[in-house]
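*Asks:* Got a file for you: structure-v8.cif, mmCIF, C-alpha atoms and all ligand atoms.
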```
data_my_file
#
loop_
_atom_site.label_atom_id
_atom_site.label_comp_id
_atom_site.auth_asym_id
_atom_site.auth_seq_id
_atom_site.Cartn_x
_atom_site.Cartn_y
_atom_site.Cartn_z
CA MET A 1 0.00 0.00 0.00
CA SER A 2 1.35 3.40 -0.88
CA VAL A 3 2.04 5.95 1.82
CA PRO A 4 -1.10 7.96 2.54
CA ALA A 5 -1.06 11.75 2.72
CA VAL A 6 -3.26 12.08 5.77
CA SER A 7 -3.47 9.83 8.83
CA LEU A 8 -6.20 10.06 11.44
CA VAL A 9 -5.28 8.76 14.88
CA ILE A 10 -8.16 7.97 17.24
CA PRO A 11 -7.85 6.44 20.73
CA VAL A 12 -10.75 4.18 21.64
CA TYR A 13 -11.75 3.12 25.13
CA ASN A 14 -15.15 1.51 25.55
CA GLU A 15 -16.70 3.46 22.69
CA GLN A 16 -18.77 0.76 21.00
CA ALA A 17 -21.81 3.05 20.83
CA ASN A 18 -19.94 5.60 18.71
CA LEU A 19 -17.52 3.57 16.62
CA THR A 20 -19.62 2.76 13.57
CA GLU A 21 -20.84 6.33 13.16
CA LEU A 22 -17.34 7.66 13.85
CA VAL A 23 -15.72 5.57 11.14
CA GLU A 24 -18.51 6.29 8.63
CA ARG A 25 -18.21 10.02 9.16
CA CYS A 26 -14.41 9.97 9.08
CA VAL A 27 -14.38 8.01 5.83
CA ARG A 28 -16.90 10.39 4.28
CA VAL A 29 -14.84 13.42 5.28
CA CYS A 30 -11.56 11.88 4.14
CA GLU A 31 -13.03 10.93 0.74
CA GLY A 32 -13.89 14.60 0.36
CA LEU A 33 -10.29 15.61 1.03
CA LYS A 34 -9.16 14.32 -2.36
CA GLN A 35 -6.01 13.01 -0.75
CA THR A 36 -4.95 9.52 0.17
CA TYR A 37 -5.68 8.72 3.80
CA GLU A 38 -5.66 6.11 6.54
CA ILE A 39 -7.68 5.93 9.73
CA ILE A 40 -5.87 4.43 12.68
CA LEU A 41 -8.03 3.39 15.61
CA VAL A 42 -6.13 2.41 18.73
CA ASP A 43 -8.08 0.30 21.16
CA ASP A 44 -6.90 1.09 24.66
CA GLY A 45 -7.90 -2.21 26.25
CA SER A 46 -11.67 -1.75 25.97
CA SER A 47 -13.83 -4.16 27.91
CA ASP A 48 -17.01 -3.67 25.87
CA GLY A 49 -17.62 -4.71 22.28
CA SER A 50 -15.22 -2.14 20.82
CA ARG A 51 -12.51 -4.64 19.97
CA SER A 52 -14.67 -6.97 17.92
CA LEU A 53 -16.32 -3.98 16.30
CA LEU A 54 -12.90 -2.65 15.31
CA ARG A 55 -12.01 -6.04 13.89
CA SER A 56 -15.01 -6.01 11.58
CA LEU A 57 -14.62 -2.32 10.69
CA SER A 58 -11.02 -2.88 9.65
CA GLN A 59 -12.21 -5.65 7.35
CA GLN A 60 -15.10 -3.64 5.99
CA TYR A 61 -12.85 -0.71 5.12
CA GLN A 62 -9.80 -2.73 4.19
CA GLY A 63 -6.77 -0.60 3.40
CA LYS A 64 -8.39 2.47 4.90
CA VAL A 65 -9.02 1.58 8.50
CA LEU A 66 -6.22 0.18 10.61
CA ALA A 67 -7.01 -1.11 14.08
CA VAL A 68 -4.22 -1.26 16.64
CA LEU A 69 -5.29 -3.21 19.71
CA LEU A 70 -3.38 -2.63 22.94
CA ASN A 71 -3.41 -5.49 25.44
CA ARG A 72 -4.74 -3.39 28.33
CA ASN A 73 -5.79 0.10 29.32
CA TYR A 74 -2.83 2.47 29.27
CA GLY A 75 -4.61 5.82 29.06
CA GLN A 76 -5.51 8.22 26.31
CA HIS A 77 -2.09 9.68 25.60
CA PRO A 78 -0.16 6.41 25.47
CA ALA A 79 -2.87 5.19 23.09
CA VAL A 80 -2.43 8.22 20.85
CA PHE A 81 1.31 7.62 21.01
CA ALA A 82 0.79 4.08 19.73
CA GLY A 83 -1.32 5.50 16.93
CA LEU A 84 1.35 8.04 15.98
CA ALA A 85 3.92 5.26 15.84
CA HIS A 86 1.83 3.48 13.22
CA ALA A 87 0.79 6.57 11.25
CA ARG A 88 2.59 7.10 7.97
CA GLY A 89 0.89 10.22 6.64
CA GLU A 90 2.63 13.53 5.98
CA VAL A 91 -0.14 15.11 8.05
CA VAL A 92 -1.42 13.41 11.19
CA VAL A 93 -4.74 14.44 12.73
CA THR A 94 -5.72 13.26 16.21
CA LEU A 95 -9.27 13.28 17.52
CA ASP A 96 -11.42 11.65 20.19
CA ALA A 97 -13.62 8.67 19.48
CA ASP A 98 -16.63 10.01 21.35
CA LEU A 99 -17.70 12.27 18.46
CA GLN A 100 -17.31 15.36 20.62
CA ASN A 101 -14.81 16.52 18.01
CA PRO A 102 -16.83 16.48 14.79
CA PRO A 103 -14.77 14.82 12.02
CA GLU A 104 -16.29 17.35 9.62
CA GLU A 105 -13.79 19.90 10.99
CA ILE A 106 -10.77 17.90 9.81
CA PRO A 107 -10.45 19.60 6.37
CA LYS A 108 -10.05 22.98 8.13
CA LEU A 109 -7.04 21.66 10.02
CA VAL A 110 -5.45 19.98 7.01
CA GLU A 111 -5.84 23.20 5.06
CA LYS A 112 -3.92 25.12 7.73
CA ILE A 113 -1.09 22.56 7.66
CA ASP A 114 -0.94 23.01 3.89
CA GLU A 115 -0.53 26.74 4.51
CA GLY A 116 2.74 25.92 6.26
CA TYR A 117 1.94 25.46 9.95
CA ASP A 118 3.58 22.63 11.91
CA VAL A 119 0.84 22.21 14.49
CA VAL A 120 -2.77 23.25 14.22
CA GLY A 121 -4.74 23.23 17.45
CA SER A 122 -8.42 23.83 17.85
CA VAL A 123 -10.58 25.88 20.17
CA ARG A 124 -13.96 24.57 21.13
CA ILE A 125 -16.43 27.31 20.25
CA LYS A 126 -19.00 26.22 22.81
CA ARG A 127 -17.61 23.57 25.03
CA LYS A 128 -20.31 21.11 25.99
CA ASP A 129 -18.91 19.58 29.13
CA SER A 130 -19.95 19.84 32.73
CA PHE A 131 -18.60 22.66 34.89
CA PHE A 132 -16.48 20.23 36.92
CA ARG A 133 -14.87 18.89 33.77
CA ARG A 134 -14.23 22.42 32.46
CA LEU A 135 -12.77 23.96 35.61
CA PRO A 136 -9.52 21.94 35.79
CA SER A 137 -9.03 22.45 32.06
CA ARG A 138 -9.40 26.18 32.42
CA ILE A 139 -6.85 26.35 35.25
CA ILE A 140 -4.39 24.18 33.42
CA ASN A 141 -4.75 26.12 30.17
CA ALA A 142 -3.88 29.31 32.03
CA VAL A 143 -0.86 27.72 33.75
CA VAL A 144 0.44 26.25 30.52
CA ARG A 145 0.15 29.57 28.73
CA LYS A 146 2.09 31.28 31.51
CA THR A 147 4.87 28.73 31.79
CA THR A 148 5.43 27.81 28.17
CA GLY A 149 4.71 31.20 26.67
CA VAL A 150 3.05 29.44 23.74
CA MET A 151 -0.25 31.11 23.07
CA MET A 152 -2.66 28.28 22.67
CA ASN A 153 -6.08 28.72 24.08
CA ASP A 154 -7.23 25.17 24.40
CA TYR A 155 -4.68 22.48 25.10
CA GLY A 156 -7.27 19.96 26.08
CA CYS A 157 -8.98 19.69 22.73
CA MET A 158 -7.45 16.69 21.03
CA LEU A 159 -8.67 17.60 17.56
CA ARG A 160 -5.25 18.61 16.30
CA ALA A 161 -3.13 18.27 13.20
CA TYR A 162 0.62 17.70 13.16
CA ARG A 163 3.14 17.77 10.35
CA ARG A 164 5.38 14.75 9.85
CA ASN A 165 8.53 16.35 11.30
CA VAL A 166 6.73 17.12 14.57
CA VAL A 167 5.32 13.60 14.80
CA ASP A 168 8.79 12.14 14.28
CA ALA A 169 10.16 14.40 17.00
CA VAL A 170 7.42 13.38 19.43
CA LEU A 171 8.03 9.71 18.71
CA GLN A 172 11.67 10.09 19.68
CA CYS A 173 10.72 11.15 23.20
CA THR A 174 11.10 8.20 25.51
CA GLU A 175 9.46 9.53 28.67
CA ARG A 176 6.51 7.66 30.09
CA SER A 177 4.33 10.54 31.27
CA THR A 178 3.33 12.57 28.28
CA PHE A 179 0.82 15.12 27.24
CA ILE A 180 1.03 15.07 23.49
CA PRO A 181 -0.25 18.55 22.54
CA ILE A 182 2.38 20.21 24.74
CA LEU A 183 5.15 17.87 23.73
CA ALA A 184 4.35 18.51 20.08
CA ASN A 185 4.25 22.25 20.59
CA SER A 186 7.72 22.22 22.06
CA PHE A 187 9.00 20.97 18.69
CA ALA A 188 6.88 23.15 16.44
CA SER A 189 8.07 26.37 14.91
CA LYS A 190 4.77 27.62 13.53
CA THR A 191 1.52 26.95 15.30
CA THR A 192 -2.00 28.20 14.93
CA GLU A 193 -5.50 27.44 16.07
CA VAL A 194 -8.86 27.14 14.39
CA MET A 195 -12.33 27.35 15.88
CA VAL A 196 -14.24 24.08 15.93
CA GLU A 197 -17.61 22.86 17.05
CA HIS A 198 -17.91 20.73 20.16
CA ALA A 199 -20.72 18.25 20.45
CA GLU A 200 -22.50 16.85 23.46
CA ARG A 201 -20.98 13.56 24.50
CA SER A 202 -22.98 10.81 22.88
CA GLY A 203 -23.00 7.46 24.64
CA ASP A 204 -22.12 7.51 28.30
CA ASP A 205 -20.02 9.79 30.47
CA SER A 206 -16.46 11.02 30.13
CA LYS A 207 -13.91 8.24 30.56
CA TYR A 208 -12.03 10.44 32.94
CA ASN A 209 -12.81 10.21 36.61
CA VAL A 210 -11.45 12.68 39.15
CA TRP A 211 -8.25 10.72 39.87
CA LYS A 212 -7.46 10.14 36.23
CA LEU A 213 -7.94 13.86 35.65
CA ILE A 214 -5.67 14.83 38.53
CA ASN A 215 -3.06 12.41 37.24
CA LEU A 216 -3.34 13.90 33.77
CA GLN A 217 -2.88 17.43 35.08
CA PHE A 218 0.21 16.37 37.01
CA ASP A 219 1.58 14.67 33.90
CA LEU A 220 1.01 17.87 32.06
CA LEU A 221 2.64 20.08 34.65
CA THR A 222 5.68 17.91 35.30
CA SER A 223 6.23 17.19 31.63
CA MET A 224 6.91 20.80 30.83
CA THR A 225 8.46 22.40 33.89
CA SER A 226 10.26 21.67 37.13
CA PHE A 227 9.08 24.99 38.51
CA PRO A 228 7.06 23.40 41.38
CA LEU A 229 10.32 22.00 42.75
CA ARG A 230 11.97 25.37 42.52
CA LEU A 231 9.01 26.83 44.35
CA LEU A 232 10.04 24.78 47.40
CA SER A 233 13.48 26.40 47.51
CA LEU A 234 11.95 29.80 47.01
CA LEU A 235 9.42 29.30 49.77
CA GLY A 236 12.08 27.89 52.10
CA GLY A 237 14.39 30.81 51.42
CA VAL A 238 11.69 33.36 52.11
CA LEU A 239 10.64 31.59 55.32
CA ALA A 240 14.21 31.39 56.61
CA ILE A 241 14.82 35.05 55.89
CA CYS A 242 11.56 36.02 57.61
CA GLY A 243 12.48 33.92 60.65
CA PHE A 244 15.90 35.45 60.82
CA ALA A 245 14.53 38.98 60.52
CA ALA A 246 11.98 38.26 63.23
CA GLY A 247 14.76 36.95 65.47
CA VAL A 248 16.82 40.10 65.04
CA LEU A 249 13.75 42.25 65.66
CA LEU A 250 12.95 40.30 68.83
CA LEU A 251 16.49 40.67 70.10
CA VAL A 252 16.44 44.42 69.63
CA MET A 253 12.99 44.82 71.21
CA ARG A 254 14.02 42.55 74.08
CA LEU A 255 17.04 44.73 74.81
CA VAL A 256 14.96 47.88 74.66
CA TYR A 257 11.77 46.80 76.46
CA GLY A 258 12.93 43.91 78.64
CA ALA A 259 12.01 40.21 78.92
CA SER A 260 8.27 40.62 79.46
CA TRP A 261 7.82 42.21 76.05
CA ALA A 262 9.06 39.10 74.28
CA ALA A 263 6.53 36.94 76.18
CA ASN A 264 9.40 35.39 78.09
CA GLY A 265 10.96 33.75 75.08
CA VAL A 266 7.89 32.28 73.38
CA LEU A 267 8.23 34.58 70.38
CA THR A 268 11.91 33.71 70.10
CA VAL A 269 10.97 30.06 69.79
CA PHE A 270 8.71 30.98 66.89
CA ALA A 271 11.48 32.87 65.16
CA GLY A 272 13.77 29.86 65.53
CA LEU A 273 11.05 27.59 64.21
CA PHE A 274 10.66 29.72 61.13
CA VAL A 275 14.36 29.64 60.40
CA PHE A 276 14.57 25.86 60.75
CA THR A 277 11.45 25.15 58.69
CA GLY A 278 12.75 27.52 56.04
CA VAL A 279 16.13 25.87 55.93
CA GLN A 280 14.52 22.45 55.66
CA LEU A 281 12.29 23.50 52.81
CA PHE A 282 15.22 25.12 51.08
CA GLY A 283 17.18 21.90 51.42
CA LEU A 284 14.27 19.92 50.03
CA GLY A 285 14.05 22.29 47.09
CA LEU A 286 17.77 21.88 46.50
CA VAL A 287 17.37 18.12 46.39
CA GLY A 288 14.52 18.80 43.98
CA GLU A 289 16.85 20.74 41.71
CA TYR A 290 19.10 17.69 41.44
CA LEU A 291 16.06 15.51 40.94
CA SER A 292 14.78 17.66 38.10
CA ARG A 293 18.13 17.35 36.35
CA VAL A 294 18.12 13.61 36.80
CA TYR A 295 14.53 13.62 35.53
CA ASN A 296 15.55 15.52 32.43
CA ASP A 297 18.37 13.11 31.74
CA VAL A 298 16.21 10.07 32.32
CA ARG A 299 13.64 11.43 29.88
CA ASP A 300 16.42 11.53 27.37
CA ARG A 301 14.60 13.91 25.08
CA PRO A 302 16.42 14.80 21.90
CA ARG A 303 18.16 18.14 22.37
CA TYR A 304 17.30 19.53 18.98
CA PHE A 305 16.19 18.67 15.51
CA VAL A 306 17.89 19.84 12.37
CA SER A 307 15.36 20.83 9.80
CA GLU A 308 17.78 21.30 6.94
CA ILE A 309 21.50 21.38 6.19
CA LEU A 310 22.41 23.65 3.34
CA GLY A 311 25.53 23.43 1.23
CA GLY A 312 28.85 21.87 2.20
CA ALA A 313 29.99 18.31 1.90
CA THR A 314 28.19 17.39 5.11
CA ALA A 315 24.74 17.68 3.57
CA PRO A 316 22.93 14.36 3.99
CA GLU A 317 22.67 12.22 0.92
CA ILE A 318 19.23 12.15 -0.58
CA ASP A 319 17.89 8.73 -1.23
CA VAL A 320 17.79 9.18 -5.01
CA LYS A 321 15.88 6.01 -5.62
CA SER A 322 12.88 6.85 -3.50
CA ALA A 323 13.03 10.54 -4.41
CA SER A 324 12.66 9.76 -8.11
CA ASP A 325 9.84 7.30 -7.56
N1 LIG A 401 -9.56 7.20 26.11
C1 LIG A 401 -8.60 6.19 26.02
N2 LIG A 401 -8.14 5.64 27.18
C2 LIG A 401 -8.58 6.04 28.42
C3 LIG A 401 -9.52 7.09 28.48
C4 LIG A 401 -10.00 7.65 27.32
O1 LIG A 401 -8.18 5.83 24.93
O2 LIG A 401 -8.12 5.48 29.41
C5 LIG A 401 -10.07 7.81 24.86
C6 LIG A 401 -11.57 7.83 24.73
O3 LIG A 401 -12.05 6.67 24.08
C7 LIG A 401 -11.80 9.05 23.86
C8 LIG A 401 -10.68 9.97 24.28
O4 LIG A 401 -9.68 9.15 24.88
O5 LIG A 401 -11.65 8.76 22.49
C9 LIG A 401 -11.12 11.06 25.21
O6 LIG A 401 -11.81 10.53 26.31
P1 LIG A 401 -13.07 11.24 26.94
O7 LIG A 401 -13.97 11.72 25.85
O8 LIG A 401 -13.65 10.34 27.95
O9 LIG A 401 -12.37 12.47 27.66
P2 LIG A 401 -12.92 13.96 27.80
O10 LIG A 401 -13.83 14.26 26.63
O11 LIG A 401 -13.59 14.01 29.10
O12 LIG A 401 -11.66 14.79 27.75
MG MG A 402 -14.67 13.58 25.18
#
```
Would you mind writing the structure in this file as structure tokens?
*Replies:*
Amino acid sequence: MSVPAVSLVIPVYNEQANLTELVERCVRVCEGLKQTYEIILVDDGSSDGSRSLLRSLSQQYQGKVLAVLLNRNYGQHPAVFAGLAHARGEVVVTLDADLQNPPEEIPKLVEKIDEGYDVVGSVRIKRKDSFFRRLPSRIINAVVRKTTGVMMNDYGCMLRAYRRNVVDAVLQCTERSTFIPILANSFASKTTEVMVEHAERSGDDSKYNVWKLINLQFDLLTSMTSFPLRLLSLLGGVLAICGFAAGVLLLVMRLVYGASWAANGVLTVFAGLFVFTGVQLFGLGLVGEYLSRVYNDVRDRPRYFVSEILGGATAPEIDVKSASD
């Protein structure tokens, strides 16, 4: 089979109610693209009928639908990762299986990639999720914008398109805890966003419970910054300085006003306590600094990617055979 131009990557976890409609709509949209395509559905260890449904769908749409079945439930992002590893398209579009991201929006994203963007995100025009599902997303979006400086309004929306070079870069990252949209953005040079519709969740509830959500937010935070660790040192430093200043103040006041003013030493104990707690926190933060460096090394992310080498004898040889094909 020739290499398709566009790959769709869709993680599936207990989505039997949506699968048939999802694939039908995706195929219809992709046919309209006038480009070759493949649809990769990654089953993340579903326990309902999704697996057998995927088996029959991959036969029904032979050569167009590829089903990758994972042996157990690993989570949404590992599942997308598995899909990316199997995608061969020049453009890779990820979306959710629950039909909250309408496949009809895909051409918009592909068009933007064709305009020269590396990553195209999407903003949900009217997000149809409960308040408790939206709140953590809103907080995290704000934090991400602050810490990464990349202006993306909606990191949570998985309807996204990536160019091949970004996908290859993401695939070279070996860390276990990942949040793909942020990882991809760290390798992209030109990003943009488009507005998309967001549908009510068909079928049952979100597959994320509170703990899974908390875990996801921590993955997200720790994958992009070690700032929380540094915060410890900062807090410790400030506390120690405050304690020390209070101690000096107490000493002076004690000398001026006598022992009764200082509550017979009780306040001095507090000052000492502050200093020691501060020093401890500072020490903890310092250990954290080492830890974050070890963490970075363990993740073993590629340091950079060369996009092109121009001129000189060191230019990589082009595979003439495949280039002339
Ligand atoms: N999903 C998955 N593994 C999981 C949880 C979810 O592959 O452990 C898939 C799910 O099938 C869906 C997507 O990830 O395609 C997003 O899940 P969901 O719609 O439940 O999340 P939300 O809309 O609340 O962000
Ligand atoms: Mg959803």
*Asks:* Sort by chain and increasing residue number a table of all residues of chain A within 9 Å of ligand LIG 401 (chain A), each with its closest pair of atoms and their distance in Å to one decimal, counting all atoms listed in the file, and write it as JSON lines.
*Replies:*
```
{"residue": "A:Ile10", "atom": "CA", "partner": "A:LIG401", "partner_atom": "O5", "distance": 6.4}
{"residue": "A:Pro11", "atom": "CA", "partner": "A:LIG401", "partner_atom": "O1", "distance": 4.3}
{"residue": "A:Val12", "atom": "CA", "partner": "A:LIG401", "partner_atom": "O3", "distance": 3.7}
{"residue": "A:Tyr13", "atom": "CA", "partner": "A:LIG401", "partner_atom": "O3", "distance": 3.7}
{"residue": "A:Asn14", "atom": "CA", "partner": "A:LIG401", "partner_atom": "O3", "distance": 6.2}
{"residue": "A:Glu15", "atom": "CA", "partner": "A:LIG401", "partner_atom": "O3", "distance": 5.8}
{"residue": "A:Val42", "atom": "CA", "partner": "A:LIG401", "partner_atom": "O1", "distance": 7.4}
{"residue": "A:Asp43", "atom": "CA", "partner": "A:LIG401", "partner_atom": "O1", "distance": 6.7}
{"residue": "A:Asp44", "atom": "CA", "partner": "A:LIG401", "partner_atom": "O1", "distance": 4.9}
{"residue": "A:Gly45", "atom": "CA", "partner": "A:LIG401", "partner_atom": "N2", "distance": 7.9}
{"residue": "A:Ser46", "atom": "CA", "partner": "A:LIG401", "partner_atom": "N2", "distance": 8.3}
{"residue": "A:Asn73", "atom": "CA", "partner": "A:LIG401", "partner_atom": "O2", "distance": 5.9}
{"residue": "A:Tyr74", "atom": "CA", "partner": "A:LIG401", "partner_atom": "O2", "distance": 6.1}
{"residue": "A:Gly75", "atom": "CA", "partner": "A:LIG401", "partner_atom": "O2", "distance": 3.5}
{"residue": "A:Gln76", "atom": "CA", "partner": "A:LIG401", "partner_atom": "C1", "distance": 3.7}
{"residue": "A:His77", "atom": "CA", "partner": "A:LIG401", "partner_atom": "O1", "distance": 7.2}
{"residue": "A:Pro78", "atom": "CA", "partner": "A:LIG401", "partner_atom": "O1", "distance": 8.1}
{"residue": "A:Ala79", "atom": "CA", "partner": "A:LIG401", "partner_atom": "O1", "distance": 5.7}
{"residue": "A:Val80", "atom": "CA", "partner": "A:LIG401", "partner_atom": "O1", "distance": 7.4}
{"residue": "A:Leu95", "atom": "CA", "partner": "A:LIG401", "partner_atom": "O5", "distance": 7.1}
{"residue": "A:Asp96", "atom": "CA", "partner": "A:LIG401", "partner_atom": "O5", "distance": 3.7}
{"residue": "A:Ala97", "atom": "CA", "partner": "A:LIG401", "partner_atom": "O5", "distance": 3.6}
{"residue": "A:Asp98", "atom": "CA", "partner": "A:LIG401", "partner_atom": "O5", "distance": 5.3}
{"residue": "A:Leu99", "atom": "CA", "partner": "A:LIG401", "partner_atom": "O5", "distance": 8.1}
{"residue": "A:Gln100", "atom": "CA", "partner": "A:LIG401", "partner_atom": "O10", "distance": 7.0}
{"residue": "A:Asn101", "atom": "CA", "partner": "A:LIG401", "partner_atom": "O10", "distance": 9.0}
{"residue": "A:Asp129", "atom": "CA", "partner": "A:LIG401", "partner_atom": "O11", "distance": 7.7}
{"residue": "A:Arg133", "atom": "CA", "partner": "A:LIG401", "partner_atom": "O11", "distance": 6.9}
{"residue": "A:Gly156", "atom": "CA", "partner": "A:LIG401", "partner_atom": "O12", "distance": 7.0}
{"residue": "A:Cys157", "atom": "CA", "partner": "A:LIG401", "partner_atom": "O12", "distance": 7.5}
{"residue": "A:Met158", "atom": "CA", "partner": "A:LIG401", "partner_atom": "C9", "distance": 7.9}
{"residue": "A:Arg201", "atom": "CA", "partner": "A:LIG401", "partner_atom": "O7", "distance": 7.4}
{"residue": "A:Asp204", "atom": "CA", "partner": "A:LIG401", "partner_atom": "O8", "distance": 8.9}
{"residue": "A:Asp205", "atom": "CA", "partner": "A:LIG401", "partner_atom": "O8", "distance": 6.9}
{"residue": "A:Ser206", "atom": "CA", "partner": "A:LIG401", "partner_atom": "O8", "distance": 3.6}
{"residue": "A:Lys207", "atom": "CA", "partner": "A:LIG401", "partner_atom": "O8", "distance": 3.4}
{"residue": "A:Tyr208", "atom": "CA", "partner": "A:LIG401", "partner_atom": "O8", "distance": 5.2}
{"residue": "A:Asn209", "atom": "CA", "partner": "A:LIG401", "partner_atom": "O11", "distance": 8.5}
{"residue": "A:Lys212", "atom": "CA", "partner": "A:LIG401", "partner_atom": "O2", "distance": 8.3}
{"residue": "A:Leu213", "atom": "CA", "partner": "A:LIG401", "partner_atom": "O11", "distance": 8.7}
```
*Asks:* Between atom CA of A:Ala85 and atom CA of A:Arg164, measure the distance and give it in Å to one decimal.
*Replies:*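 According to the coordinates, atom CA of A:Ala85 and atom CA of A:Arg164 are separated by 11.3 Å.
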*Asks:* Of the candidates A:Val68, A:His86, A:Arg134, A:Lys190, which shows the shortest atom-to-atom distance to A:Val119, using only C-alpha atoms?
*Replies:*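 Once distances to A:Val119 are computed over only C-alpha atoms, the minimum belongs to A:Lys190.
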*Asks:* In Å, how far is it from atom CA of A:Tyr37 to atom CA of A:Phe179?
*Replies:* 25.2 Å
*Asks:* Which distance in Å separates atom CA of A:Ile140 and atom CA of A:Arg293, to one decimal?
*Replies:*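 These two atoms are separated by 23.7 Å.
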*Asks:* Would you mind listing what lies within 7 Å of A:Leu239 as a compact mmCIF listing (two decimals) with C-alpha atoms, keeping the file's coordinate frame, with all atoms listed in the file counted and same-chain residues fewer than 2 positions away left out?
*Replies:*
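Result saved to result.txt:
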```txt
# COMPACT_ATOMS: atom_id res chain seq x y z
CA LEU A 235 9.42 29.30 49.77
CA GLY A 236 12.08 27.89 52.10
CA GLY A 237 14.39 30.81 51.42
CA ILE A 241 14.82 35.05 55.89
CA CYS A 242 11.56 36.02 57.61
CA GLY A 243 12.48 33.92 60.65
CA PHE A 274 10.66 29.72 61.13
CA VAL A 275 14.36 29.64 60.40
CA GLY A 278 12.75 27.52 56.04
```
*Asks:* Let me make sure I understand: among A:Lys112, A:Arg138, A:His198, A:Arg72, which one has the smallest atom-to-atom distance to ligand MG 402 (chain A) if we use all atoms listed in the file?
*Replies:*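 Counting all atoms listed in the file, the residue closest to ligand MG 402 (chain A) is A:His198.
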*Asks:* Please list, as a list in words, the residues that have an atom at most 12 Å away from (9.9, 6.3, 20.6) in the coordinates of this file, counting only C-alpha atoms.
*Replies:* Pro78, Phe81, Ala82, Gly83, Leu84, Ala85, His86, Val167, Asp168, Ala169, Val170, Leu171, Gln172, Cys173, Thr174, Glu175, Arg176, Thr178, Arg299, Asp300, Arg301 and Pro302 of chain A
*Asks:* Excluding A:Pro228 and any residue of its chain fewer than 3 positions from it, enumerate the residues within 12 Å of it, using all atoms listed in the file, and give them as a ChimeraX atom specification.
*Replies:* /A:143,147,218,221-225,231-235,284-286,288-289,291-292
*Asks:* Given only C-alpha atoms as the basis, pick out the residue of A:Val238, A:Leu267, A:Cys26, A:Ile180 nearest to A:Ala161.
*Replies:*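 Of A:Val238, A:Leu267, A:Cys26, A:Ile180, the one nearest A:Ala161 is A:Ile180, counting only C-alpha atoms.
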*Asks:* Using all atoms listed in the file, which residues sit within 9 Å of A:Tyr162 once same-chain residues fewer than 2 positions away are excluded, as a PDB file with C-alpha atoms, in the frame of the given file?
*Replies:*
```
ATOM      1  CA  GLU A  90       2.630  13.530   5.980  1.00  0.00           C
ATOM      2  CA  VAL A  91      -0.140  15.110   8.050  1.00  0.00           C
ATOM      3  CA  VAL A  92      -1.420  13.410  11.190  1.00  0.00           C
ATOM      4  CA  VAL A  93      -4.740  14.440  12.730  1.00  0.00           C
ATOM      5  CA  THR A  94      -5.720  13.260  16.210  1.00  0.00           C
ATOM      6  CA  VAL A 110      -5.450  19.980   7.010  1.00  0.00           C
ATOM      7  CA  ILE A 113      -1.090  22.560   7.660  1.00  0.00           C
ATOM      8  CA  TYR A 117       1.940  25.460   9.950  1.00  0.00           C
ATOM      9  CA  ASP A 118       3.580  22.630  11.910  1.00  0.00           C
ATOM     10  CA  VAL A 119       0.840  22.210  14.490  1.00  0.00           C
ATOM     11  CA  VAL A 120      -2.770  23.250  14.220  1.00  0.00           C
ATOM     12  CA  GLY A 121      -4.740  23.230  17.450  1.00  0.00           C
ATOM     13  CA  ARG A 160      -5.250  18.610  16.300  1.00  0.00           C
ATOM     14  CA  ARG A 164       5.380  14.750   9.850  1.00  0.00           C
ATOM     15  CA  ASN A 165       8.530  16.350  11.300  1.00  0.00           C
ATOM     16  CA  VAL A 166       6.730  17.120  14.570  1.00  0.00           C
ATOM     17  CA  VAL A 167       5.320  13.600  14.800  1.00  0.00           C
ATOM     18  CA  ALA A 184       4.350  18.510  20.080  1.00  0.00           C
ATOM     19  CA  ALA A 188       6.880  23.150  16.440  1.00  0.00           C
TER      20      ALA A 188
END
```
*Asks:* Counting all atoms listed in the file, figure out which residue out of A:Glu105, A:Glu200, A:Asp114, A:Asp154 gets nearest to ligand MG 402 (chain A).
*Replies:*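 Looking at the shortest contact to ligand MG 402 (chain A), the residue is A:Glu200.
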*Asks:* Given only C-alpha atoms as the basis, pick out the residue of A:Ile182, A:Leu69, A:Ser56, A:Thr268 nearest to A:Arg254.
*Replies:*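 Closest to A:Arg254 of all the choices is A:Thr268.
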